[in-house]
$ cat start.cif   # mmCIF, C-alpha atoms
data_upload
loop_
_atom_site.label_atom_id
_atom_site.label_comp_id
_atom_site.auth_asym_id
_atom_site.auth_seq_id
_atom_site.Cartn_x
_atom_site.Cartn_y
_atom_site.Cartn_z
CA MET A 1 0.00 0.00 0.00
CA GLN A 2 1.23 3.44 -0.96
CA VAL A 3 0.49 6.13 1.64
CA VAL A 4 0.22 9.58 0.13
CA VAL A 5 0.26 12.69 2.31
CA PRO A 6 -0.89 15.81 0.43
CA TYR A 7 0.78 18.97 1.67
CA ALA A 8 0.17 22.59 0.70
CA ALA A 9 3.69 23.97 0.45
CA HIS A 10 2.62 27.58 -0.09
CA ALA A 11 0.78 29.54 2.63
CA PRO A 12 -0.63 26.56 4.54
CA LYS A 13 -3.23 26.82 7.31
CA THR A 14 -4.57 30.27 6.46
CA ARG A 15 -7.56 29.83 8.78
CA LEU A 16 -5.18 29.90 11.74
CA GLU A 17 -4.43 33.53 10.92
CA PRO A 18 -6.21 34.84 14.04
CA LEU A 19 -3.57 33.12 16.17
CA LEU A 20 -0.45 32.61 14.07
CA ASP A 21 1.40 34.75 11.55
CA ALA A 22 2.40 33.38 8.15
CA ASP A 23 5.83 32.10 9.20
CA GLU A 24 4.35 30.46 12.26
CA ARG A 25 1.59 28.83 10.24
CA GLU A 26 4.16 27.30 7.92
CA SER A 27 6.34 26.16 10.81
CA PHE A 28 3.35 24.63 12.61
CA ALA A 29 2.15 22.92 9.44
CA ARG A 30 5.61 21.38 9.09
CA ALA A 31 5.49 20.15 12.69
CA MET A 32 2.13 18.48 12.03
CA LEU A 33 3.43 16.96 8.78
CA ALA A 34 6.41 15.52 10.66
CA ASP A 35 4.09 13.96 13.26
CA VAL A 36 1.91 12.45 10.52
CA LEU A 37 4.90 11.06 8.61
CA GLU A 38 6.31 9.54 11.76
CA ALA A 39 2.98 7.91 12.63
CA VAL A 40 2.74 6.45 9.12
CA GLU A 41 6.29 5.10 9.28
CA GLU A 42 5.70 3.63 12.74
CA SER A 43 2.59 1.91 11.43
CA GLY A 44 4.99 0.03 9.15
CA ARG A 45 4.13 1.80 5.88
CA THR A 46 6.13 4.11 3.66
CA ALA A 47 4.82 7.63 3.20
CA THR A 48 5.14 9.81 0.12
CA VAL A 49 4.48 13.53 0.38
CA LEU A 50 2.38 14.94 -2.47
CA ALA A 51 3.23 18.65 -2.33
CA THR A 52 2.39 21.75 -4.32
CA GLY A 53 6.06 22.71 -4.22
CA PRO A 54 9.43 21.45 -2.95
CA VAL A 55 9.42 20.45 0.71
CA ASP A 56 12.37 19.24 2.74
CA VAL A 57 11.42 15.94 4.38
CA ASP A 58 13.07 12.55 4.82
CA VAL A 59 10.62 10.73 2.57
CA ALA A 60 9.91 10.80 -1.16
CA VAL A 61 8.17 13.91 -2.46
CA ILE A 62 5.98 14.18 -5.55
CA VAL A 63 5.57 17.81 -6.60
CA ASP A 64 2.25 18.52 -8.30
CA GLU A 65 0.99 22.08 -8.48
CA ARG A 66 -2.58 21.13 -9.34
CA PRO A 67 -5.41 21.39 -6.83
CA LEU A 68 -5.78 18.60 -4.27
CA THR A 69 -8.42 16.57 -6.12
CA GLU A 70 -6.52 16.51 -9.39
CA ALA A 71 -3.17 15.79 -7.76
CA VAL A 72 -4.54 12.87 -5.73
CA ASP A 73 -6.41 11.50 -8.74
CA GLY A 74 -3.12 11.62 -10.63
CA VAL A 75 -1.65 9.22 -8.08
CA LEU A 76 -4.73 6.98 -8.11
CA ALA A 77 -4.70 6.77 -11.90
CA THR A 78 -1.09 5.61 -12.05
CA SER A 79 -0.95 3.22 -9.09
CA ASP A 80 -1.59 -0.51 -9.39
CA ASP A 81 -1.43 -0.96 -5.63
CA PRO A 82 -3.97 0.20 -3.05
CA VAL A 83 -3.44 3.86 -2.17
CA ALA A 84 -4.07 5.54 1.16
CA VAL A 85 -4.45 9.32 1.26
CA VAL A 86 -4.00 10.90 4.69
CA MET A 87 -4.05 14.62 5.34
CA ALA A 88 -0.92 16.35 6.59
CA ASP A 89 -2.73 18.11 9.44
CA LEU A 90 -3.92 15.03 11.31
CA ALA A 91 -1.88 16.02 14.34
CA LEU A 92 -3.66 13.51 16.58
CA ALA A 93 -2.88 10.52 14.38
CA THR A 94 -1.04 7.63 15.99
CA PRO A 95 0.61 4.56 14.50
CA THR A 96 -2.27 2.49 15.89
CA SER A 97 -5.00 4.64 14.37
CA PHE A 98 -3.27 4.54 10.98
CA ASP A 99 -2.63 0.81 11.21
CA GLN A 100 -6.28 0.12 11.97
CA LEU A 101 -7.34 2.36 9.10
CA PHE A 102 -4.99 0.69 6.62
CA GLU A 103 -6.12 -2.76 7.77
CA THR A 104 -9.83 -2.01 7.41
CA GLU A 105 -11.27 -3.95 4.50
CA GLY A 106 -13.33 -2.38 1.73
CA ASP A 107 -12.85 -1.10 -1.81
CA VAL A 108 -12.95 2.37 -0.30
CA VAL A 109 -12.39 3.18 3.38
CA ILE A 110 -13.26 6.70 4.52
CA ALA A 111 -12.24 8.37 7.76
CA PRO A 112 -14.57 11.37 7.93
CA GLY A 113 -13.35 14.68 9.23
CA ARG A 114 -15.45 17.15 11.14
CA GLY A 115 -17.57 19.40 8.98
CA GLY A 116 -18.14 16.92 6.18
CA GLY A 117 -14.52 16.48 5.20
CA THR A 118 -12.56 13.38 4.25
CA ASN A 119 -9.46 13.15 6.39
CA ALA A 120 -8.20 9.80 5.23
CA LEU A 121 -9.05 7.44 2.41
CA VAL A 122 -7.97 3.97 1.46
CA VAL A 123 -8.65 3.21 -2.19
CA ARG A 124 -8.55 -0.36 -3.52
CA HIS A 125 -10.88 0.11 -6.49
CA PRO A 126 -9.39 1.06 -9.89
CA ASP A 127 -12.20 3.43 -10.88
CA PHE A 128 -12.58 5.46 -7.68
CA ARG A 129 -11.60 9.12 -8.00
CA THR A 130 -11.69 11.87 -5.39
CA ASP A 131 -13.68 15.05 -4.98
CA TYR A 132 -12.35 17.17 -2.15
CA HIS A 133 -14.56 20.18 -2.85
CA GLY A 134 -17.60 20.86 -0.66
CA VAL A 135 -18.98 18.06 1.53
CA SER A 136 -16.37 15.59 0.34
CA TYR A 137 -17.65 12.87 2.68
CA HIS A 138 -20.95 12.79 0.78
CA ASP A 139 -19.21 13.16 -2.56
CA HIS A 140 -16.90 10.24 -1.87
CA LEU A 141 -19.82 8.02 -0.85
CA ALA A 142 -21.55 8.96 -4.10
CA VAL A 143 -18.47 8.30 -6.23
CA ALA A 144 -18.02 4.89 -4.61
CA ARG A 145 -21.65 4.03 -5.28
CA LYS A 146 -21.33 5.12 -8.90
CA VAL A 147 -18.30 2.94 -9.62
CA GLY A 148 -19.66 -0.01 -7.63
CA ALA A 149 -17.05 0.14 -4.86
CA SER A 150 -17.85 -1.15 -1.38
CA VAL A 151 -17.38 1.46 1.37
CA GLU A 152 -16.35 1.23 4.99
CA VAL A 153 -16.51 4.28 7.25
CA PHE A 154 -13.64 4.31 9.75
CA ASP A 155 -14.67 5.75 13.10
CA SER A 156 -11.78 7.57 14.77
CA PHE A 157 -11.71 10.73 16.84
CA ARG A 158 -8.00 11.05 16.13
CA LEU A 159 -8.39 10.84 12.38
CA SER A 160 -11.53 13.01 12.40
CA THR A 161 -9.52 15.89 13.81
CA ASP A 162 -7.84 17.90 11.09
CA VAL A 163 -6.32 21.12 12.33
CA ASP A 164 -7.69 24.09 10.42
CA GLU A 165 -9.37 26.45 12.86
CA PRO A 166 -8.18 28.07 16.09
CA GLU A 167 -10.48 25.82 18.16
CA ASP A 168 -8.69 22.75 16.76
CA LEU A 169 -5.52 23.75 18.61
CA VAL A 170 -7.25 22.63 21.82
CA GLU A 171 -7.22 19.07 20.52
CA VAL A 172 -3.54 19.31 19.58
CA LEU A 173 -2.63 20.45 23.09
CA LEU A 174 -4.76 17.70 24.64
CA HIS A 175 -4.12 14.74 22.35
CA GLY A 176 -1.61 15.78 19.68
CA GLY A 177 1.65 14.33 18.45
CA ASP A 178 4.93 15.24 20.10
CA ARG A 179 6.14 17.86 17.64
CA SER A 180 2.79 19.57 17.11
CA SER A 181 1.89 19.85 20.77
CA ALA A 182 5.42 20.90 21.77
CA TRP A 183 5.36 23.54 19.01
CA LEU A 184 2.26 25.13 20.54
CA GLU A 185 3.53 24.84 24.10
CA ARG A 186 6.84 26.51 23.21
CA ARG A 187 4.89 29.45 21.83
CA GLY A 188 2.86 29.90 24.97
CA PHE A 189 -0.41 28.25 24.06
CA THR A 190 -2.30 26.82 27.01
CA LEU A 191 -5.79 25.57 27.69
CA GLU A 192 -8.37 27.92 29.14
CA THR A 193 -11.47 26.62 30.87
CA GLY A 194 -14.58 28.75 30.57
CA ALA A 195 -18.33 28.31 30.29
CA GLY A 196 -18.35 26.22 27.11
CA ARG A 197 -15.69 24.00 25.63
CA VAL A 198 -12.06 24.49 26.57
CA ALA A 199 -10.30 27.14 24.46
CA VAL A 200 -6.65 28.01 23.80
CA VAL A 201 -4.98 31.18 24.92
CA ARG A 202 -1.52 32.46 24.16
CA GLY A 203 -0.10 33.51 27.46
CA TRP A 204 3.36 34.87 26.75
CA ASN A 205 5.92 35.21 24.00
CA GLU A 206 3.71 37.51 21.91
CA ARG A 207 3.84 36.57 18.30
CA PRO A 208 6.41 38.65 16.45
CA ARG A 209 5.19 40.96 13.71
CA VAL A 210 7.06 39.18 10.94
CA GLU A 211 5.70 39.59 7.44
CA ASN A 212 5.59 36.58 5.21
CA GLY A 213 7.94 36.49 2.21
CA MET B 1 -22.92 -3.79 33.03
CA GLN B 2 -25.18 -0.92 33.99
CA VAL B 3 -25.37 1.84 31.37
CA VAL B 4 -26.25 5.21 32.86
CA VAL B 5 -27.31 8.12 30.65
CA PRO B 6 -27.27 11.45 32.51
CA TYR B 7 -29.87 13.88 31.24
CA ALA B 8 -30.50 17.52 32.19
CA ALA B 9 -34.28 17.64 32.43
CA HIS B 10 -34.43 21.41 32.94
CA ALA B 11 -33.35 23.84 30.22
CA PRO B 12 -31.03 21.50 28.32
CA LYS B 13 -28.66 22.57 25.53
CA THR B 14 -28.53 26.28 26.37
CA ARG B 15 -25.55 26.83 24.05
CA LEU B 16 -27.82 26.09 21.10
CA GLU B 17 -29.73 29.28 21.90
CA PRO B 18 -28.46 31.08 18.76
CA LEU B 19 -30.40 28.58 16.65
CA LEU B 20 -33.19 27.09 18.76
CA ASP B 21 -35.65 28.50 21.26
CA ALA B 22 -36.14 26.90 24.66
CA ASP B 23 -38.95 24.55 23.62
CA GLU B 24 -37.01 23.47 20.57
CA ARG B 25 -33.88 22.85 22.59
CA GLU B 26 -35.81 20.59 24.94
CA SER B 27 -37.47 18.76 22.06
CA PHE B 28 -34.14 18.30 20.26
CA ALA B 29 -32.45 17.11 23.46
CA ARG B 30 -35.21 14.49 23.81
CA ALA B 31 -34.68 13.35 20.22
CA MET B 32 -30.96 12.88 20.89
CA LEU B 33 -31.70 11.05 24.16
CA ALA B 34 -34.03 8.70 22.28
CA ASP B 35 -31.32 7.97 19.70
CA VAL B 36 -28.78 7.29 22.44
CA LEU B 37 -31.14 5.00 24.37
CA GLU B 38 -31.98 3.06 21.23
CA ALA B 39 -28.28 2.62 20.36
CA VAL B 40 -27.59 1.36 23.90
CA GLU B 41 -30.49 -1.10 23.74
CA GLU B 42 -29.45 -2.32 20.28
CA SER B 43 -25.95 -2.91 21.63
CA GLY B 44 -27.60 -5.46 23.91
CA ARG B 45 -27.39 -3.50 27.15
CA THR B 46 -30.03 -1.94 29.37
CA ALA B 47 -29.95 1.82 29.81
CA THR B 48 -30.98 3.79 32.87
CA VAL B 49 -31.58 7.53 32.58
CA LEU B 50 -30.08 9.58 35.42
CA ALA B 51 -32.08 12.80 35.27
CA THR B 52 -32.31 16.01 37.23
CA GLY B 53 -36.11 15.70 37.13
CA PRO B 54 -38.87 13.38 35.87
CA VAL B 55 -38.53 12.42 32.21
CA ASP B 56 -40.93 10.30 30.21
CA VAL B 57 -38.94 7.49 28.57
CA ASP B 58 -39.36 3.74 28.14
CA VAL B 59 -36.45 2.85 30.41
CA ALA B 60 -35.81 3.17 34.14
CA VAL B 61 -35.19 6.70 35.42
CA ILE B 62 -33.21 7.69 38.50
CA VAL B 63 -34.02 11.25 39.53
CA ASP B 64 -31.12 13.02 41.23
CA GLU B 65 -31.10 16.80 41.38
CA ARG B 66 -27.44 17.08 42.26
CA PRO B 67 -24.84 18.26 39.74
CA LEU B 68 -23.57 15.73 37.20
CA THR B 69 -20.42 14.68 39.06
CA GLU B 70 -22.21 14.02 42.34
CA ALA B 71 -25.11 12.21 40.71
CA VAL B 72 -22.85 9.91 38.69
CA ASP B 73 -20.65 9.25 41.71
CA GLY B 74 -23.79 8.27 43.60
CA VAL B 75 -24.39 5.51 41.07
CA LEU B 76 -20.74 4.42 41.10
CA ALA B 77 -20.71 4.23 44.91
CA THR B 78 -23.74 1.94 45.06
CA SER B 79 -23.06 -0.38 42.13
CA ASP B 80 -21.24 -3.68 42.44
CA ASP B 81 -21.24 -4.17 38.67
CA PRO B 82 -19.24 -2.26 36.08
CA VAL B 83 -20.93 1.02 35.19
CA ALA B 84 -20.88 2.79 31.85
CA VAL B 85 -21.76 6.48 31.73
CA VAL B 86 -22.70 7.82 28.29
CA MET B 87 -23.86 11.34 27.61
CA ALA B 88 -27.40 11.94 26.35
CA ASP B 89 -26.27 14.17 23.48
CA LEU B 90 -24.12 11.63 21.64
CA ALA B 91 -26.37 11.89 18.60
CA LEU B 92 -23.86 10.09 16.37
CA ALA B 93 -23.60 7.02 18.61
CA THR B 94 -24.39 3.67 17.01
CA PRO B 95 -24.94 0.23 18.54
CA THR B 96 -21.52 -0.77 17.15
CA SER B 97 -19.67 2.17 18.65
CA PHE B 98 -21.29 1.51 22.04
CA ASP B 99 -20.65 -2.21 21.84
CA GLN B 100 -16.97 -1.67 21.07
CA LEU B 101 -16.72 0.81 23.94
CA PHE B 102 -18.39 -1.51 26.43
CA GLU B 103 -16.18 -4.43 25.29
CA THR B 104 -12.93 -2.47 25.66
CA GLU B 105 -10.95 -3.81 28.59
CA GLY B 106 -9.52 -1.64 31.33
CA ASP B 107 -10.41 -0.56 34.86
CA VAL B 108 -11.46 2.73 33.33
CA VAL B 109 -12.23 3.28 29.65
CA ILE B 110 -12.56 6.89 28.49
CA ALA B 111 -14.07 8.11 25.24
CA PRO B 112 -12.85 11.72 25.04
CA GLY B 113 -15.09 14.44 23.72
CA ARG B 114 -13.93 17.45 21.80
CA GLY B 115 -12.66 20.28 23.94
CA GLY B 116 -11.31 18.14 26.75
CA GLY B 117 -14.58 16.52 27.74
CA THR B 118 -15.41 12.97 28.72
CA ASN B 119 -18.28 11.73 26.57
CA ALA B 120 -18.36 8.16 27.76
CA LEU B 121 -16.79 6.22 30.59
CA VAL B 122 -16.68 2.59 31.57
CA VAL B 123 -15.79 2.11 35.23
CA ARG B 124 -14.71 -1.27 36.58
CA HIS B 125 -12.67 -0.04 39.55
CA PRO B 126 -14.40 0.39 42.93
CA ASP B 127 -12.52 3.56 43.91
CA PHE B 128 -12.84 5.56 40.70
CA ARG B 129 -14.95 8.70 40.98
CA THR B 130 -15.78 11.32 38.35
CA ASP B 131 -14.93 14.99 37.93
CA TYR B 132 -16.87 16.52 35.07
CA HIS B 133 -15.78 20.09 35.74
CA GLY B 134 -13.14 21.71 33.56
CA VAL B 135 -10.91 19.53 31.39
CA SER B 136 -12.54 16.33 32.58
CA TYR B 137 -10.45 14.17 30.27
CA HIS B 138 -7.31 15.20 32.18
CA ASP B 139 -9.08 14.99 35.51
CA HIS B 140 -10.30 11.46 34.86
CA LEU B 141 -6.81 10.34 33.84
CA ALA B 142 -5.50 11.82 37.10
CA VAL B 143 -8.19 10.19 39.23
CA ALA B 144 -7.49 6.81 37.63
CA ARG B 145 -3.77 7.19 38.32
CA LYS B 146 -4.47 8.14 41.92
CA VAL B 147 -6.61 5.09 42.66
CA GLY B 148 -4.34 2.75 40.67
CA ALA B 149 -6.85 2.01 37.93
CA SER B 150 -5.67 1.03 34.45
CA VAL B 151 -6.95 3.31 31.68
CA GLU B 152 -7.84 2.74 28.06
CA VAL B 153 -8.70 5.65 25.78
CA PHE B 154 -11.40 4.72 23.27
CA ASP B 155 -10.91 6.40 19.92
CA SER B 156 -14.24 7.16 18.23
CA PHE B 157 -15.34 10.12 16.14
CA ARG B 158 -18.96 9.20 16.84
CA LEU B 159 -18.51 9.15 20.59
CA SER B 160 -16.27 12.23 20.56
CA THR B 161 -19.10 14.28 19.12
CA ASP B 162 -21.35 15.64 21.83
CA VAL B 163 -23.85 18.17 20.57
CA ASP B 164 -23.54 21.44 22.45
CA GLU B 165 -22.73 24.21 20.01
CA PRO B 166 -24.37 25.32 16.76
CA GLU B 167 -21.46 23.95 14.70
CA ASP B 168 -22.14 20.48 16.12
CA LEU B 169 -25.46 20.36 14.27
CA VAL B 170 -23.45 19.85 11.07
CA GLU B 171 -22.31 16.49 12.39
CA VAL B 172 -25.87 15.51 13.33
CA LEU B 173 -27.10 16.26 9.82
CA LEU B 174 -24.18 14.35 8.28
CA HIS B 175 -23.81 11.36 10.60
CA GLY B 176 -26.54 11.56 13.26
CA GLY B 177 -29.13 9.11 14.51
CA ASP B 178 -32.53 8.86 12.84
CA ARG B 179 -34.53 10.95 15.29
CA SER B 180 -31.94 13.68 15.80
CA SER B 181 -31.17 14.22 12.13
CA ALA B 182 -34.85 14.04 11.13
CA TRP B 183 -35.66 16.56 13.87
CA LEU B 184 -33.25 19.07 12.33
CA GLU B 185 -34.36 18.36 8.77
CA ARG B 186 -38.03 18.85 9.65
CA ARG B 187 -37.16 22.28 11.00
CA GLY B 188 -35.37 23.35 7.86
CA PHE B 189 -31.76 22.88 8.78
CA THR B 190 -29.50 22.13 5.85
CA LEU B 191 -25.78 22.11 5.19
CA GLU B 192 -24.12 25.17 3.71
CA THR B 193 -20.76 24.93 2.00
CA GLY B 194 -18.53 27.99 2.29
CA ALA B 195 -14.87 28.82 2.58
CA GLY B 196 -14.14 26.88 5.76
CA ARG B 197 -15.92 23.90 7.25
CA VAL B 198 -19.50 23.17 6.31
CA ALA B 199 -22.05 25.09 8.41
CA VAL B 200 -25.77 24.72 9.06
CA VAL B 201 -28.40 27.15 7.93
CA ARG B 202 -32.09 27.21 8.68
CA GLY B 203 -33.77 27.74 5.35
CA TRP B 204 -37.49 27.91 6.08
CA ASN B 205 -40.01 27.44 8.86
CA GLU B 206 -38.68 30.37 10.89
CA ARG B 207 -38.51 29.50 14.54
CA PRO B 208 -41.58 30.69 16.38
CA ARG B 209 -41.15 33.35 19.05
CA VAL B 210 -42.26 31.14 21.91
CA GLU B 211 -41.00 32.07 25.37
CA ASN B 212 -39.92 29.35 27.72
CA GLY B 213 -42.21 28.51 30.65
#

$ encode --input "start.cif" --output "structure tokens"
Amino acid sequence: MQVVVPYAAHAPKTRLEPLLDADERESFARAMLADVLEAVEESGRTATVLATGPVDVDVAVIVDERPLTEAVDGVLATSDDPVAVVMADLALATPTSFDQLFETEGDVVIAPGRGGGTNALVVRHPDFRTDYHGVSYHDHLAVARKVGASVEVFDSFRLSTDVDEPEDLVEVLLHGGDRSSAWLERRGFTLETGAGRVAVVRGWNERPRVENG
Amino acid sequence: MQVVVPYAAHAPKTRLEPLLDADERESFARAMLADVLEAVEESGRTATVLATGPVDVDVAVIVDERPLTEAVDGVLATSDDPVAVVMADLALATPTSFDQLFETEGDVVIAPGRGGGTNALVVRHPDFRTDYHGVSYHDHLAVARKVGASVEVFDSFRLSTDVDEPEDLVEVLLHGGDRSSAWLERRGFTLETGAGRVAVVRGWNERPRVENG
């Protein structure tokens, strides 16, 4: 099984702008990518990064500037083996959660993300193609039905948690991988308990006013 | 195993106020409770509702007006059997997810909720007590350590999704139980795709201006 990790090399994680400047967002995205790659490797599989530009990692990198759907479909179309596609911001992923995902049977295995997303996919059907726009969870179910592929939905809190929005940093501090959680802690992020769910606050080490570029 | 489902009989789901009036919040909370009770029963276990006041359901009800922690601890202190505690707003729970939770070994099994919560617990240790205030996931790990109880963390997207905030309704529409999702659909809630995660909108059938009481 080939495990592909798509990664936006340019201006990643823009929705974290309320909390992190551009350099920080890139640095944090790299920390999450490193955690994901390590979890894949420790699950016994080999990861390949599918990036929109060059990225310096210890695994193979395919550079493809096309949008996510087209780039992933390019891999699917040229692979004879099963392909797993796991997002680079799954900072809560563990070797066990990946191993259980990869071992789940089905022509298509979907690990849904919050908000209708598809955080991880295993594709064992030659005609399945992706559609990451909109409610991709629904779209992927529909594509599988159309091509006659059996579907399993993989139920994991860890893999359902992609890190896009400020509130997601709570989960990284609570349950995240070593690099991602340490990255936040080093920059002063801590948990704050209030009336609703726990939030993050940045207590010290004000973020520097560095412009991107 | 005794499966206890705590339920706030008075003014439940206040954080849904931006979208639902008081009568609607109570009605929606009851729909979620019914889905949870059905999933417990279909997992082959018997549920008991632990409510702050009388509630009309087809299973046994313990009325205990004390706060959640004290009420649950009251059950733990008087039970010789293992006790499972599952929240009444786990609208995505399925018989399979509950069955796998209840079958997971460990003196204490924790299904974390988003934001540091504890959405489900299995307690097989006589000295374990709960602490639902604050970051209860951390607190429950600490309590288990203190009393020498082994802990397993149960990784489930379905059980991690408690329904407290407006954004959580997205998950109910996408993955929720029959009654909960139908309740929202009947009242005009649909998914809206925008720049970030999918949101819910209420498209028709404006909510009536009914005051609580």

$ resolve_selection --input "start.cif" --expression "the PyMOL selection byres ((chain A) within 8 of (chain B))" --output "list in words"
Arg15, Arg114, Gly115, Gly116, Gly117, Gly134, Val135, Asp155, Ser156, Phe157, Arg158, Leu159, Ser160, Val170, Glu171, Leu174, Thr193, Gly194, Gly196, Arg197, Val198 and Ala199 of chain A

$ write_last_selection --input "start.cif" --atoms "C-alpha atoms" --output "CSV table (one decimal), in the frame of the given file"
chain,number,residue,atom,x,y,z
A,15,ARG,CA,-7.6,29.8,8.8
A,114,ARG,CA,-15.4,17.2,11.1
A,115,GLY,CA,-17.6,19.4,9.0
A,116,GLY,CA,-18.1,16.9,6.2
A,117,GLY,CA,-14.5,16.5,5.2
A,134,GLY,CA,-17.6,20.9,-0.7
A,135,VAL,CA,-19.0,18.1,1.5
A,155,ASP,CA,-14.7,5.8,13.1
A,156,SER,CA,-11.8,7.6,14.8
A,157,PHE,CA,-11.7,10.7,16.8
A,158,ARG,CA,-8.0,11.0,16.1
A,159,LEU,CA,-8.4,10.8,12.4
A,160,SER,CA,-11.5,13.0,12.4
A,170,VAL,CA,-7.2,22.6,21.8
A,171,GLU,CA,-7.2,19.1,20.5
A,174,LEU,CA,-4.8,17.7,24.6
A,193,THR,CA,-11.5,26.6,30.9
A,194,GLY,CA,-14.6,28.8,30.6
A,196,GLY,CA,-18.4,26.2,27.1
A,197,ARG,CA,-15.7,24.0,25.6
A,198,VAL,CA,-12.1,24.5,26.6
A,199,ALA,CA,-10.3,27.1,24.5

$ closest_residue --input "start.cif" --among "B:Pro166, B:Pro95, B:Asp131, B:Asn119" --to "Leu16 (chain B)" --atoms "all atoms listed in the file"
B:Pro166

$ residues_around --input "start.cif" --residues "Ala39 (chain A)" --least-positions-apart "3" --cutoff "8 Å" --atoms "only C-alpha atoms" --output "list in words"
Asp35, Val36, Glu42, Ser43, Ala93, Thr94, Pro95 and Phe98 of chain A

$ atom_distance --input "start.cif" --atom1 "CA of Thr78 (chain A)" --atom2 "CA of Val63 (chain A)"
14.9 Å

$ residues_around --input "start.cif" --residues "region 140-145 of chain A" --least-positions-apart "4" --cutoff "10 Å" --atoms "all atoms listed in the file" --output "mmCIF file with C-alpha atoms, in the coordinates of the input"
data_model
loop_
_atom_site.group_PDB
_atom_site.id
_atom_site.type_symbol
_atom_site.label_atom_id
_atom_site.label_comp_id
_atom_site.auth_asym_id
_atom_site.auth_seq_id
_atom_site.Cartn_x
_atom_site.Cartn_y
_atom_site.Cartn_z
ATOM 1 C CA ASP A 107 -12.850 -1.100 -1.810
ATOM 2 C CA VAL A 108 -12.950 2.370 -0.300
ATOM 3 C CA VAL A 109 -12.390 3.180 3.380
ATOM 4 C CA ILE A 110 -13.260 6.700 4.520
ATOM 5 C CA GLY A 117 -14.520 16.480 5.200
ATOM 6 C CA THR A 118 -12.560 13.380 4.250
ATOM 7 C CA LEU A 121 -9.050 7.440 2.410
ATOM 8 C CA VAL A 123 -8.650 3.210 -2.190
ATOM 9 C CA HIS A 125 -10.880 0.110 -6.490
ATOM 10 C CA ASP A 127 -12.200 3.430 -10.880
ATOM 11 C CA PHE A 128 -12.580 5.460 -7.680
ATOM 12 C CA ARG A 129 -11.600 9.120 -8.000
ATOM 13 C CA THR A 130 -11.690 11.870 -5.390
ATOM 14 C CA ASP A 131 -13.680 15.050 -4.980
ATOM 15 C CA TYR A 132 -12.350 17.170 -2.150
ATOM 16 C CA VAL A 135 -18.980 18.060 1.530
ATOM 17 C CA SER A 136 -16.370 15.590 0.340
ATOM 18 C CA ALA A 149 -17.050 0.140 -4.860
ATOM 19 C CA SER A 150 -17.850 -1.150 -1.380
ATOM 20 C CA VAL A 151 -17.380 1.460 1.370
ATOM 21 C CA GLU A 152 -16.350 1.230 4.990
ATOM 22 C CA VAL A 153 -16.510 4.280 7.250
#

$ atom_distance --input "start.cif" --atom1 "CA of Ser27 (chain B)" --atom2 "CA of Ala91 (chain B)"
13.5 Å

$ residues_around --input "start.cif" --residues "Ala8 (chain A)" --least-positions-apart "3" --cutoff "6 Å" --atoms "only C-alpha atoms" --output "number ranges by chain"
A: 12, 51-52

$ atom_distance --input "start.cif" --atom1 "CA of Glu185 (chain B)" --atom2 "CA of Glu41 (chain B)"
24.9 Å

$ decode --input "start.cif" --residues "region 34-62 of chain B" --atoms "C-alpha atoms" --output "compact mmCIF listing (two decimals), in the first residue's frame"
# COMPACT_ATOMS: atom_id res chain seq x y z
CA ALA B 34 -34.03 8.70 22.28
CA ASP B 35 -31.32 7.97 19.70
CA VAL B 36 -28.78 7.29 22.44
CA LEU B 37 -31.14 5.00 24.37
CA GLU B 38 -31.98 3.06 21.23
CA ALA B 39 -28.28 2.62 20.36
CA VAL B 40 -27.59 1.36 23.90
CA GLU B 41 -30.49 -1.10 23.74
CA GLU B 42 -29.45 -2.32 20.28
CA SER B 43 -25.95 -2.91 21.63
CA GLY B 44 -27.60 -5.46 23.91
CA ARG B 45 -27.39 -3.50 27.15
CA THR B 46 -30.03 -1.94 29.37
CA ALA B 47 -29.95 1.82 29.81
CA THR B 48 -30.98 3.79 32.87
CA VAL B 49 -31.58 7.53 32.58
CA LEU B 50 -30.08 9.58 35.42
CA ALA B 51 -32.08 12.80 35.27
CA THR B 52 -32.31 16.01 37.23
CA GLY B 53 -36.11 15.70 37.13
CA PRO B 54 -38.87 13.38 35.87
CA VAL B 55 -38.53 12.42 32.21
CA ASP B 56 -40.93 10.30 30.21
CA VAL B 57 -38.94 7.49 28.57
CA ASP B 58 -39.36 3.74 28.14
CA VAL B 59 -36.45 2.85 30.41
CA ALA B 60 -35.81 3.17 34.14
CA VAL B 61 -35.19 6.70 35.42
CA ILE B 62 -33.21 7.69 38.50
